[in-house]
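Read the structure below first, then the notes.
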Amino acid sequence: MKLAGYIFKLFLPLLLGALVLFCLAFEIVDLFMNMWKYLSNNVPVPVILKILYLYLPKTITFSLPLAILFATCYMLCILSSQNELVAMFASGISYIKAMLPLIIFSLLLSVGYFFFEDKIVVPFYKQYQELKNSSLNIEFDQNNSNVVIRSHDGQIIYKADVYEDENKQLNNVLLIVRNDDKKLNCIVKANNGLWNEEQRRWILSGTVTYRLDENGDLRYSMLNSEIEMMFDEPPETFRNNLVDVETVTVKEGKEYIEYLRRTGLPSSEALSVYYKKYSFPLVIFIVTLLAIGLSGRSRRNVIIISMILSVGASVLFYVLQMVTMLLAKFGFVTPVAGAWFPVIVFFIISLILLRYSKT
């Protein structure tokens with residue numbers, strides 16, 4: 001326990017100091033990148049300060065893996081330069097046993113990182129974006145074009161040239177209606193469709209309906225009122241409402257993926273990012289293992305070499321994750337593999353490094 005206390009006495013001040021410096025650096029970068037926009041829009045100083053405050057939790061998530069990496073490397077270099085590691089080895093304490101409290105701490109910190117991201121960072125970042133956009137007079141158009149939506153579990157397929165959100169109107173509409181057995185029931189063409197809030201359905205105008213006759217040919221027919229009542233897909237579905245799963249909570253991400261599946265839109269990219277929300281917090285655990293496994297590999301310039309090796313390994317982790325996420329996006333690997341493969345690979349590499357570390 002005394003050894004663990006001594007290690008944390010060295011480690012925690014380094015971690016907090018590095019975290020503050022990295023967060024400050026990210027805040028300054030964000031401020032200077034947007035300074036000319038704030039000045040051109042006459043944004044008051046209190047509003048700018050509030051924007052920076054709302055951005056702070058996001059900077060913590062950016063900074064924490066870097067701070068952990070720096071603090072771990074620097075602490076181990078201090079122990080090595082003062083021959084304290086040699087004293088531990090001589091007293092029968094192995095390297096892994098000495099570092100075990102730090103490894104457990106990093107694992108617990110990874111769990112905390114997940115909840116911090118989901119419960120604090122996401123709401124703060126949403127307010128940050130809203131306040132920043134309103135201050136800079138940035139508006140997003142929710143109109144949509146070339147809309148194709150699947151509804152009622154694929155029983156009805158909507159196609160519209162344009163969706164106008166202000167009027168809640170679909171223009172140049174084509175609807176394909178299928179029976180429960182997925183066989184074609186009818187095809188409905190309409191000049192436009194207007195959303196009726198009271199009836200909670202689309203009211204079509206200028207409709208032309210076609211059905212298959214006994215010979216399998218399309219023939220003009222009347223639109224069945226029972227089918228007409230099924231045109232109840234809410235207008236929110238047709239909006240230009242692409243969601244970045246990485247910037248929403250786990251619950252909201254899951255709901256968005258269910259929406260994509262329900263409407264027949266591609267969901268592989270969103271699903272891989274959703275799984276990444278669970279896997280990425282373990283980057284803290286991974287960089288800690290890498291730093292412990294790679295520190296002290298050189299007898300000269302110990303701090304510099306250890307830092308370069310650890311940063312290099314961490315960069316490789318991020319690069320591999322980017323590659324696997326792209327592969328998942330284009331369907332070459334499953335979303336689960338895209339999110340978790342880098343974590344598993346570098347966890348195995350870290351175990352190998354620890355196995356052959358100094359003792």
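In the structure tokens, chains take the letters A, B, ... in the order shown, each chain's residues start at 1, and ligands count up from 1 in the order shown.
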Next on the checklist: Can you pull out the residues contacting A:Gln129? Cut-off 9 Å, using only C-alpha atoms, and skip same-chain residues under 3 positions away; I want them as a VMD selection string.
Outcome noted: chain A and resid 51 54 to 55 124 to 126 132 to 134
Just C-alpha atoms for this one: save the residues we selected as a compact mmCIF listing (two decimals), in the first residue's frame.
```txt
# COMPACT_ATOMS: atom_id res chain seq x y z
CA ILE A 51 -18.84 29.25 -25.26
CA LEU A 54 -19.29 24.89 -22.53
CA TYR A 55 -16.40 23.57 -24.64
CA PHE A 124 -22.41 20.55 -22.74
CA TYR A 125 -21.20 20.12 -26.32
CA LYS A 126 -24.76 20.38 -27.64
CA LYS A 132 -21.95 29.18 -31.08
CA ASN A 133 -24.27 28.79 -34.09
CA SER A 134 -26.79 31.33 -32.74
```
Checklist entry - A:Met325: which residues within 10 Å, counting only C-alpha atoms, same-chain residues fewer than 5 positions away excluded, as an NGL selection string? => result :A and (268-269 or 272-273 or 276 or 319-320 or 330-342)
Residues of the last selection are to be written out with C-alpha atoms, as an mmCIF file, in the first residue's frame.
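In the end it all went to again14.cif:
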```cif
data_model
loop_
_atom_site.group_PDB
_atom_site.id
_atom_site.type_symbol
_atom_site.label_atom_id
_atom_site.label_comp_id
_atom_site.auth_asym_id
_atom_site.auth_seq_id
_atom_site.Cartn_x
_atom_site.Cartn_y
_atom_site.Cartn_z
ATOM 1 C CA SER A 268 -23.334 0.610 -40.902
ATOM 2 C CA GLU A 269 -21.396 3.830 -40.310
ATOM 3 C CA SER A 272 -19.771 1.376 -35.974
ATOM 4 C CA VAL A 273 -19.593 4.818 -34.319
ATOM 5 C CA LYS A 276 -16.943 2.981 -30.770
ATOM 6 C CA VAL A 319 -4.495 5.277 -37.287
ATOM 7 C CA LEU A 320 -5.591 1.645 -37.071
ATOM 8 C CA PHE A 330 -18.011 0.831 -46.491
ATOM 9 C CA GLY A 331 -19.080 -2.625 -45.307
ATOM 10 C CA PHE A 332 -15.747 -4.452 -45.631
ATOM 11 C CA VAL A 333 -15.847 -5.415 -41.949
ATOM 12 C CA THR A 334 -18.660 -5.556 -39.422
ATOM 13 C CA PRO A 335 -19.363 -2.467 -37.250
ATOM 14 C CA VAL A 336 -18.317 -4.421 -34.151
ATOM 15 C CA ALA A 337 -14.961 -5.312 -35.726
ATOM 16 C CA GLY A 338 -14.442 -1.728 -36.877
ATOM 17 C CA ALA A 339 -14.846 -0.412 -33.335
ATOM 18 C CA TRP A 340 -13.215 -3.162 -31.280
ATOM 19 C CA PHE A 341 -10.435 -4.637 -33.451
ATOM 20 C CA PRO A 342 -7.840 -1.880 -32.675
#
```
Next on the checklist: I'd like the contact shell of A:Leu85 - 9 Å cut-off, only C-alpha atoms, skipping same-chain residues fewer than 3 positions apart - returned as a PyMOL selection string.
Outcome noted: chain A and resi 76+79-82+88-90+95+98+359
May I have the selected residues written with N, CA, C and O atoms, as a CSV table (one decimal), in the first residue's frame?
```csv
chain,number,residue,atom,x,y,z
A,76,LEU,N,7.6,7.2,-14.6
A,76,LEU,CA,8.4,6.0,-14.7
A,76,LEU,C,9.9,6.4,-15.0
A,76,LEU,O,10.8,5.8,-14.5
A,79,LEU,N,11.3,7.5,-11.6
A,79,LEU,CA,11.6,6.3,-10.8
A,79,LEU,C,12.9,5.6,-11.3
A,79,LEU,O,13.7,5.2,-10.6
A,80,SER,N,13.1,5.6,-12.7
A,80,SER,CA,14.2,5.0,-13.3
A,80,SER,C,15.5,5.8,-13.0
A,80,SER,O,16.5,5.3,-12.7
A,81,SER,N,15.4,7.1,-13.2
A,81,SER,CA,16.6,8.0,-13.0
A,81,SER,C,17.1,8.0,-11.6
A,81,SER,O,18.3,8.2,-11.4
A,82,GLN,N,16.2,7.8,-10.6
A,82,GLN,CA,16.6,7.8,-9.2
A,82,GLN,C,16.9,6.4,-8.7
A,82,GLN,O,17.0,6.2,-7.5
A,88,MET,N,13.2,-1.5,-6.0
A,88,MET,CA,12.0,-2.3,-6.0
A,88,MET,C,12.3,-3.7,-6.4
A,88,MET,O,11.8,-4.7,-5.8
A,89,PHE,N,13.0,-3.8,-7.6
A,89,PHE,CA,13.3,-5.2,-8.1
A,89,PHE,C,14.2,-5.9,-7.1
A,89,PHE,O,14.0,-7.1,-6.9
A,90,ALA,N,15.1,-5.2,-6.5
A,90,ALA,CA,16.0,-5.9,-5.5
A,90,ALA,C,15.2,-6.4,-4.3
A,90,ALA,O,15.6,-7.4,-3.6
A,95,TYR,N,8.0,-5.6,-11.8
A,95,TYR,CA,7.6,-4.4,-12.4
A,95,TYR,C,6.1,-4.4,-12.6
A,95,TYR,O,5.4,-3.3,-12.3
A,98,ALA,N,4.4,-3.7,-9.2
A,98,ALA,CA,4.5,-2.3,-8.8
A,98,ALA,C,3.6,-1.4,-9.6
A,98,ALA,O,3.1,-0.5,-9.0
A,359,THR,N,12.6,-6.3,-15.3
A,359,THR,CA,12.2,-6.8,-14.0
A,359,THR,C,13.3,-6.7,-13.0
A,359,THR,O,14.4,-6.4,-13.4
```
Taking a cut-off of 10 Å and counting only C-alpha atoms, can you build a table that, for each residue of stretch 224-311 of chain A near stretch 183-205 of chain A, reports the nearest atom pair and how far apart they are in Å (one decimal), sorted by chain then residue number, as JSON lines?
```
{"residue": "A:Asn224", "atom": "CA", "partner": "A:Cys186", "partner_atom": "CA", "distance": 9.6}
{"residue": "A:Ile227", "atom": "CA", "partner": "A:Cys186", "partner_atom": "CA", "distance": 9.5}
{"residue": "A:Glu228", "atom": "CA", "partner": "A:Trp202", "partner_atom": "CA", "distance": 8.2}
{"residue": "A:Met229", "atom": "CA", "partner": "A:Arg201", "partner_atom": "CA", "distance": 6.8}
{"residue": "A:Met230", "atom": "CA", "partner": "A:Arg201", "partner_atom": "CA", "distance": 7.5}
{"residue": "A:Phe231", "atom": "CA", "partner": "A:Arg201", "partner_atom": "CA", "distance": 5.5}
{"residue": "A:Asp232", "atom": "CA", "partner": "A:Arg201", "partner_atom": "CA", "distance": 4.1}
{"residue": "A:Glu233", "atom": "CA", "partner": "A:Arg201", "partner_atom": "CA", "distance": 7.0}
{"residue": "A:Pro234", "atom": "CA", "partner": "A:Arg201", "partner_atom": "CA", "distance": 7.5}
{"residue": "A:Pro235", "atom": "CA", "partner": "A:Trp195", "partner_atom": "CA", "distance": 7.2}
```
All alpha helix (DSSP H) residues (DSSP, backbone) inside stretch 21-235 of chain A, as a tab-separated table (two decimals) with N, CA and C atoms, in the first residue's frame:
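Output contents, as saved in out-v2.tsv:
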```tsv
chain	number	residue	atom	x	y	z
A	21	LEU	N	-2.85	21.82	-18.75
A	21	LEU	CA	-2.12	22.42	-19.87
A	21	LEU	C	-2.72	22.03	-21.22
A	22	PHE	N	-3.06	20.75	-21.38
A	22	PHE	CA	-3.64	20.30	-22.65
A	22	PHE	C	-5.02	20.91	-22.86
A	23	CYS	N	-5.83	20.98	-21.81
A	23	CYS	CA	-7.17	21.59	-21.93
A	23	CYS	C	-7.05	23.06	-22.31
A	24	LEU	N	-6.10	23.75	-21.68
A	24	LEU	CA	-5.87	25.16	-22.00
A	24	LEU	C	-5.45	25.33	-23.46
A	25	ALA	N	-4.61	24.41	-23.94
A	25	ALA	CA	-4.16	24.47	-25.33
A	25	ALA	C	-5.33	24.29	-26.29
A	26	PHE	N	-6.22	23.33	-26.02
A	26	PHE	CA	-7.38	23.12	-26.89
A	26	PHE	C	-8.34	24.31	-26.85
A	27	GLU	N	-8.50	24.91	-25.67
A	27	GLU	CA	-9.37	26.09	-25.55
A	27	GLU	C	-8.81	27.25	-26.37
A	28	ILE	N	-7.49	27.46	-26.28
A	28	ILE	CA	-6.86	28.56	-27.02
A	28	ILE	C	-6.97	28.33	-28.53
A	29	VAL	N	-6.76	27.09	-28.96
A	29	VAL	CA	-6.88	26.77	-30.39
A	29	VAL	C	-8.30	27.05	-30.88
A	30	ASP	N	-9.30	26.62	-30.12
A	30	ASP	CA	-10.69	26.85	-30.52
A	30	ASP	C	-11.01	28.35	-30.55
A	31	LEU	N	-10.49	29.08	-29.57
A	31	LEU	CA	-10.73	30.53	-29.52
A	31	LEU	C	-10.14	31.23	-30.74
A	32	PHE	N	-8.89	30.94	-31.05
A	32	PHE	CA	-8.22	31.63	-32.16
A	32	PHE	C	-8.77	31.20	-33.52
A	33	MET	N	-9.24	29.96	-33.63
A	33	MET	CA	-9.84	29.51	-34.89
A	33	MET	C	-11.15	30.24	-35.19
A	34	ASN	N	-11.84	30.69	-34.14
A	34	ASN	CA	-13.15	31.34	-34.33
A	34	ASN	C	-13.13	32.83	-34.01
A	35	MET	N	-11.95	33.36	-33.66
A	35	MET	CA	-11.89	34.75	-33.21
A	35	MET	C	-12.41	35.71	-34.27
A	36	TRP	N	-12.01	35.52	-35.52
A	36	TRP	CA	-12.44	36.45	-36.57
A	36	TRP	C	-13.94	36.37	-36.79
A	37	LYS	N	-14.53	35.18	-36.57
A	37	LYS	CA	-15.99	35.04	-36.70
A	37	LYS	C	-16.70	35.79	-35.58
A	38	TYR	N	-16.14	35.69	-34.34
A	38	TYR	CA	-16.73	36.40	-33.21
A	38	TYR	C	-16.67	37.92	-33.44
A	39	LEU	N	-15.52	38.39	-33.93
A	39	LEU	CA	-15.35	39.82	-34.15
A	39	LEU	C	-16.26	40.33	-35.26
A	40	SER	N	-16.37	39.58	-36.35
A	40	SER	CA	-17.21	40.03	-37.47
A	40	SER	C	-18.69	40.01	-37.13
A	45	VAL	N	-18.10	39.64	-25.19
A	45	VAL	CA	-17.08	38.87	-24.46
A	45	VAL	C	-17.71	37.85	-23.51
A	46	PRO	N	-18.78	38.21	-22.74
A	46	PRO	CA	-19.39	37.20	-21.85
A	46	PRO	C	-19.91	35.97	-22.60
A	47	VAL	N	-20.42	36.18	-23.81
A	47	VAL	CA	-20.92	35.05	-24.61
A	47	VAL	C	-19.75	34.18	-25.06
A	48	ILE	N	-18.64	34.81	-25.46
A	48	ILE	CA	-17.45	34.06	-25.87
A	48	ILE	C	-16.93	33.22	-24.70
A	49	LEU	N	-16.91	33.81	-23.50
A	49	LEU	CA	-16.45	33.10	-22.31
A	49	LEU	C	-17.37	31.91	-21.99
A	50	LYS	N	-18.67	32.11	-22.20
A	50	LYS	CA	-19.61	31.01	-21.97
A	50	LYS	C	-19.40	29.89	-22.99
A	51	ILE	N	-19.12	30.25	-24.22
A	51	ILE	CA	-18.84	29.25	-25.26
A	51	ILE	C	-17.61	28.44	-24.88
A	52	LEU	N	-16.56	29.12	-24.39
A	52	LEU	CA	-15.35	28.42	-23.96
A	52	LEU	C	-15.63	27.53	-22.76
A	53	TYR	N	-16.48	27.99	-21.86
A	53	TYR	CA	-16.86	27.18	-20.69
A	53	TYR	C	-17.60	25.91	-21.11
A	54	LEU	N	-18.53	26.05	-22.06
A	54	LEU	CA	-19.29	24.89	-22.53
A	54	LEU	C	-18.42	23.91	-23.31
A	55	TYR	N	-17.33	24.41	-23.88
A	55	TYR	CA	-16.40	23.57	-24.64
A	55	TYR	C	-15.43	22.81	-23.72
A	56	LEU	N	-15.32	23.25	-22.48
A	56	LEU	CA	-14.33	22.68	-21.55
A	56	LEU	C	-14.44	21.17	-21.36
A	57	PRO	N	-15.65	20.61	-21.12
A	57	PRO	CA	-15.72	19.14	-20.97
A	57	PRO	C	-15.20	18.38	-22.19
A	58	LYS	N	-15.44	18.92	-23.38
A	58	LYS	CA	-14.94	18.27	-24.60
A	58	LYS	C	-13.42	18.29	-24.63
A	59	THR	N	-12.81	19.38	-24.18
A	59	THR	CA	-11.34	19.44	-24.15
A	59	THR	C	-10.77	18.43	-23.17
A	60	ILE	N	-11.52	18.13	-22.12
A	60	ILE	CA	-11.05	17.13	-21.15
A	60	ILE	C	-10.98	15.75	-21.80
A	61	THR	N	-11.98	15.42	-22.62
A	61	THR	CA	-11.95	14.11	-23.30
A	61	THR	C	-10.82	14.04	-24.31
A	62	PHE	N	-10.50	15.18	-24.95
A	62	PHE	CA	-9.36	15.20	-25.87
A	62	PHE	C	-8.04	15.07	-25.11
A	63	SER	N	-7.98	15.71	-23.96
A	63	SER	CA	-6.71	15.85	-23.23
A	63	SER	C	-6.37	14.67	-22.35
A	64	LEU	N	-7.37	13.98	-21.84
A	64	LEU	CA	-7.11	12.96	-20.82
A	64	LEU	C	-6.19	11.84	-21.30
A	65	PRO	N	-6.40	11.25	-22.49
A	65	PRO	CA	-5.44	10.22	-22.95
A	65	PRO	C	-4.02	10.75	-23.09
A	66	LEU	N	-3.87	11.98	-23.58
A	66	LEU	CA	-2.54	12.58	-23.72
A	66	LEU	C	-1.91	12.82	-22.35
A	67	ALA	N	-2.72	13.31	-21.40
A	67	ALA	CA	-2.21	13.58	-20.06
A	67	ALA	C	-1.79	12.30	-19.35
A	68	ILE	N	-2.59	11.25	-19.51
A	68	ILE	CA	-2.26	9.94	-18.91
A	68	ILE	C	-0.94	9.43	-19.48
A	69	LEU	N	-0.79	9.54	-20.79
A	69	LEU	CA	0.43	9.08	-21.45
A	69	LEU	C	1.66	9.84	-20.94
A	70	PHE	N	1.53	11.16	-20.88
A	70	PHE	CA	2.66	11.98	-20.42
A	70	PHE	C	2.98	11.69	-18.96
A	71	ALA	N	1.97	11.66	-18.11
A	71	ALA	CA	2.20	11.47	-16.67
A	71	ALA	C	2.82	10.11	-16.38
A	72	THR	N	2.35	9.07	-17.07
A	72	THR	CA	2.88	7.72	-16.85
A	72	THR	C	4.34	7.65	-17.27
A	73	CYS	N	4.65	8.14	-18.47
A	73	CYS	CA	6.04	8.11	-18.97
A	73	CYS	C	6.97	8.91	-18.05
A	74	TYR	N	6.54	10.10	-17.69
A	74	TYR	CA	7.40	10.96	-16.89
A	74	TYR	C	7.63	10.38	-15.50
A	75	MET	N	6.57	9.82	-14.90
A	75	MET	CA	6.71	9.22	-13.56
A	75	MET	C	7.68	8.04	-13.59
A	76	LEU	N	7.55	7.18	-14.61
A	76	LEU	CA	8.43	6.01	-14.71
A	76	LEU	C	9.88	6.43	-14.97
A	77	CYS	N	10.05	7.52	-15.72
A	77	CYS	CA	11.41	8.02	-15.96
A	77	CYS	C	12.03	8.57	-14.68
A	78	ILE	N	11.21	9.21	-13.84
A	78	ILE	CA	11.71	9.70	-12.54
A	78	ILE	C	12.15	8.53	-11.67
A	79	LEU	N	11.30	7.49	-11.62
A	79	LEU	CA	11.64	6.31	-10.82
A	79	LEU	C	12.91	5.64	-11.34
A	80	SER	N	13.05	5.61	-12.67
A	80	SER	CA	14.22	4.98	-13.26
A	80	SER	C	15.49	5.80	-13.03
A	81	SER	N	15.39	7.12	-13.20
A	81	SER	CA	16.57	7.98	-13.05
A	81	SER	C	17.07	8.02	-11.62
A	84	GLU	N	15.00	4.01	-8.26
A	84	GLU	CA	13.98	3.47	-7.36
A	84	GLU	C	13.38	2.18	-7.91
A	85	LEU	N	13.36	2.05	-9.22
A	85	LEU	CA	12.89	0.80	-9.80
A	85	LEU	C	13.86	-0.34	-9.46
A	86	VAL	N	15.16	-0.03	-9.49
A	86	VAL	CA	16.17	-1.03	-9.13
A	86	VAL	C	15.97	-1.49	-7.69
A	87	ALA	N	15.67	-0.53	-6.80
A	87	ALA	CA	15.44	-0.85	-5.39
A	87	ALA	C	14.21	-1.75	-5.24
A	88	MET	N	13.16	-1.47	-6.03
A	88	MET	CA	11.96	-2.31	-5.97
A	88	MET	C	12.25	-3.73	-6.45
A	89	PHE	N	12.98	-3.83	-7.57
A	89	PHE	CA	13.31	-5.15	-8.10
A	89	PHE	C	14.17	-5.93	-7.10
A	90	ALA	N	15.12	-5.23	-6.46
A	90	ALA	CA	16.00	-5.88	-5.49
A	90	ALA	C	15.24	-6.39	-4.27
A	95	TYR	N	8.01	-5.63	-11.75
A	95	TYR	CA	7.59	-4.40	-12.43
A	95	TYR	C	6.07	-4.36	-12.57
A	96	ILE	N	5.48	-5.46	-12.98
A	96	ILE	CA	4.03	-5.51	-13.18
A	96	ILE	C	3.31	-5.32	-11.86
A	97	LYS	N	3.80	-5.95	-10.80
A	97	LYS	CA	3.17	-5.82	-9.49
A	97	LYS	C	3.25	-4.37	-9.00
A	98	ALA	N	4.39	-3.73	-9.24
A	98	ALA	CA	4.54	-2.33	-8.82
A	98	ALA	C	3.59	-1.41	-9.58
A	99	MET	N	3.36	-1.72	-10.85
A	99	MET	CA	2.51	-0.86	-11.69
A	99	MET	C	1.03	-1.27	-11.67
A	100	LEU	N	0.72	-2.37	-10.99
A	100	LEU	CA	-0.66	-2.87	-10.97
A	100	LEU	C	-1.67	-1.83	-10.46
A	101	PRO	N	-1.38	-1.09	-9.38
A	101	PRO	CA	-2.35	-0.06	-8.95
A	101	PRO	C	-2.63	0.98	-10.04
A	102	LEU	N	-1.59	1.35	-10.80
A	102	LEU	CA	-1.76	2.32	-11.89
A	102	LEU	C	-2.59	1.73	-13.02
A	103	ILE	N	-2.39	0.45	-13.31
A	103	ILE	CA	-3.16	-0.23	-14.35
A	103	ILE	C	-4.64	-0.29	-13.96
A	104	ILE	N	-4.90	-0.66	-12.70
A	104	ILE	CA	-6.29	-0.72	-12.21
A	104	ILE	C	-6.92	0.66	-12.24
A	105	PHE	N	-6.15	1.66	-11.84
A	105	PHE	CA	-6.66	3.05	-11.85
A	105	PHE	C	-7.03	3.48	-13.26
A	106	SER	N	-6.20	3.14	-14.24
A	106	SER	CA	-6.50	3.51	-15.63
A	106	SER	C	-7.74	2.80	-16.16
A	107	LEU	N	-7.94	1.56	-15.72
A	107	LEU	CA	-9.14	0.83	-16.14
A	107	LEU	C	-10.39	1.47	-15.55
A	108	LEU	N	-10.34	1.84	-14.27
A	108	LEU	CA	-11.47	2.52	-13.64
A	108	LEU	C	-11.71	3.89	-14.28
A	109	LEU	N	-10.62	4.55	-14.65
A	109	LEU	CA	-10.74	5.85	-15.31
A	109	LEU	C	-11.39	5.71	-16.68
A	110	SER	N	-11.14	4.59	-17.35
A	110	SER	CA	-11.77	4.32	-18.65
A	110	SER	C	-13.29	4.19	-18.50
A	111	VAL	N	-13.70	3.51	-17.44
A	111	VAL	CA	-15.14	3.37	-17.17
A	111	VAL	C	-15.75	4.74	-16.87
A	112	GLY	N	-15.04	5.52	-16.03
A	112	GLY	CA	-15.52	6.86	-15.73
A	112	GLY	C	-15.56	7.75	-16.95
A	113	TYR	N	-14.60	7.56	-17.86
A	113	TYR	CA	-14.55	8.33	-19.11
A	113	TYR	C	-15.82	8.12	-19.93
A	114	PHE	N	-16.29	6.86	-19.98
A	114	PHE	CA	-17.50	6.54	-20.75
A	114	PHE	C	-18.70	7.32	-20.20
A	115	PHE	N	-18.90	7.28	-18.88
A	115	PHE	CA	-20.06	7.96	-18.28
A	115	PHE	C	-19.90	9.48	-18.33
A	116	PHE	N	-18.67	9.97	-18.18
A	116	PHE	CA	-18.42	11.41	-18.28
A	116	PHE	C	-18.77	11.91	-19.68
A	122	VAL	N	-21.64	15.30	-23.73
A	122	VAL	CA	-22.64	15.42	-24.80
A	122	VAL	C	-23.60	16.59	-24.56
A	123	PRO	N	-24.22	16.72	-23.36
A	123	PRO	CA	-25.11	17.88	-23.15
A	123	PRO	C	-24.38	19.22	-23.25
A	124	PHE	N	-23.17	19.31	-22.67
A	124	PHE	CA	-22.41	20.55	-22.74
A	124	PHE	C	-22.04	20.90	-24.18
A	125	TYR	N	-21.62	19.88	-24.95
A	125	TYR	CA	-21.20	20.12	-26.32
A	125	TYR	C	-22.38	20.53	-27.19
A	126	LYS	N	-23.55	19.99	-26.91
A	126	LYS	CA	-24.76	20.38	-27.64
A	126	LYS	C	-25.08	21.85	-27.39
A	127	GLN	N	-24.99	22.27	-26.11
A	127	GLN	CA	-25.21	23.69	-25.78
A	127	GLN	C	-24.14	24.57	-26.42
A	128	TYR	N	-22.91	24.06	-26.43
A	128	TYR	CA	-21.80	24.79	-27.06
A	128	TYR	C	-22.09	25.06	-28.53
A	129	GLN	N	-22.52	24.01	-29.25
A	129	GLN	CA	-22.79	24.17	-30.68
A	129	GLN	C	-23.98	25.11	-30.92
A	130	GLU	N	-25.04	24.97	-30.09
A	130	GLU	CA	-26.23	25.81	-30.26
A	130	GLU	C	-25.90	27.28	-30.00
A	131	LEU	N	-25.16	27.55	-28.90
A	131	LEU	CA	-24.81	28.94	-28.58
A	131	LEU	C	-23.86	29.52	-29.62
A	132	LYS	N	-22.91	28.73	-30.07
A	132	LYS	CA	-21.95	29.18	-31.08
A	132	LYS	C	-22.65	29.49	-32.39
A	133	ASN	N	-23.55	28.59	-32.82
A	133	ASN	CA	-24.27	28.79	-34.09
A	133	ASN	C	-25.19	30.00	-34.02
A	134	SER	N	-25.89	30.17	-32.88
A	134	SER	CA	-26.79	31.33	-32.74
A	134	SER	C	-26.00	32.63	-32.68
A	135	SER	N	-24.83	32.60	-32.03
A	135	SER	CA	-24.01	33.81	-31.94
A	135	SER	C	-23.44	34.20	-33.29
A	225	SER	N	-59.21	3.97	-49.36
A	225	SER	CA	-59.16	4.84	-48.17
A	225	SER	C	-58.41	4.17	-47.02
A	226	GLU	N	-58.49	2.84	-46.94
A	226	GLU	CA	-57.78	2.11	-45.89
A	226	GLU	C	-56.27	2.25	-46.06
A	227	ILE	N	-55.82	2.20	-47.30
A	227	ILE	CA	-54.39	2.38	-47.59
A	227	ILE	C	-53.99	3.84	-47.35
A	228	GLU	N	-54.89	4.75	-47.71
A	228	GLU	CA	-54.63	6.18	-47.53
A	228	GLU	C	-54.37	6.51	-46.06
```
Next on the checklist: As an exercise, work out the distance from atom CA of A:Ser145 to atom CA of A:Lys329 in Å and give it to one decimal place.
Outcome noted: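 Computing the Euclidean distance for atom CA of A:Ser145 and atom CA of A:Lys329 yields 23.0 Å.
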Checklist entry - Quick one: distance from atom CA of A:Ser295 to atom CA of A:Met322 in Å, one decimal? => result 25.8 Å
Item to check | Residues flagged strand (DSSP E or B) by DSSP in stretch 190-318 of chain A, as a PyMOL selection string | outcome: chain A and resi 190-196+201-205+208-212+218-221
Checklist outcome for this item: Of A:Val248, A:Ile349, A:Leu15, A:Leu3, the one nearest to A:Lys119 when counting only C-alpha atoms is A:Val248
Checklist entry - With distances taken over only C-alpha atoms, which of A:Leu260, A:Val121, A:Asp213, A:Val43 is nearest to A:Ser151? => result A:Leu260
Item to check | Counting only C-alpha atoms, the residue of A:Val162, A:Val208, A:Ile304, A:Leu10 that sits nearest A:Met222 | outcome: A:Val208
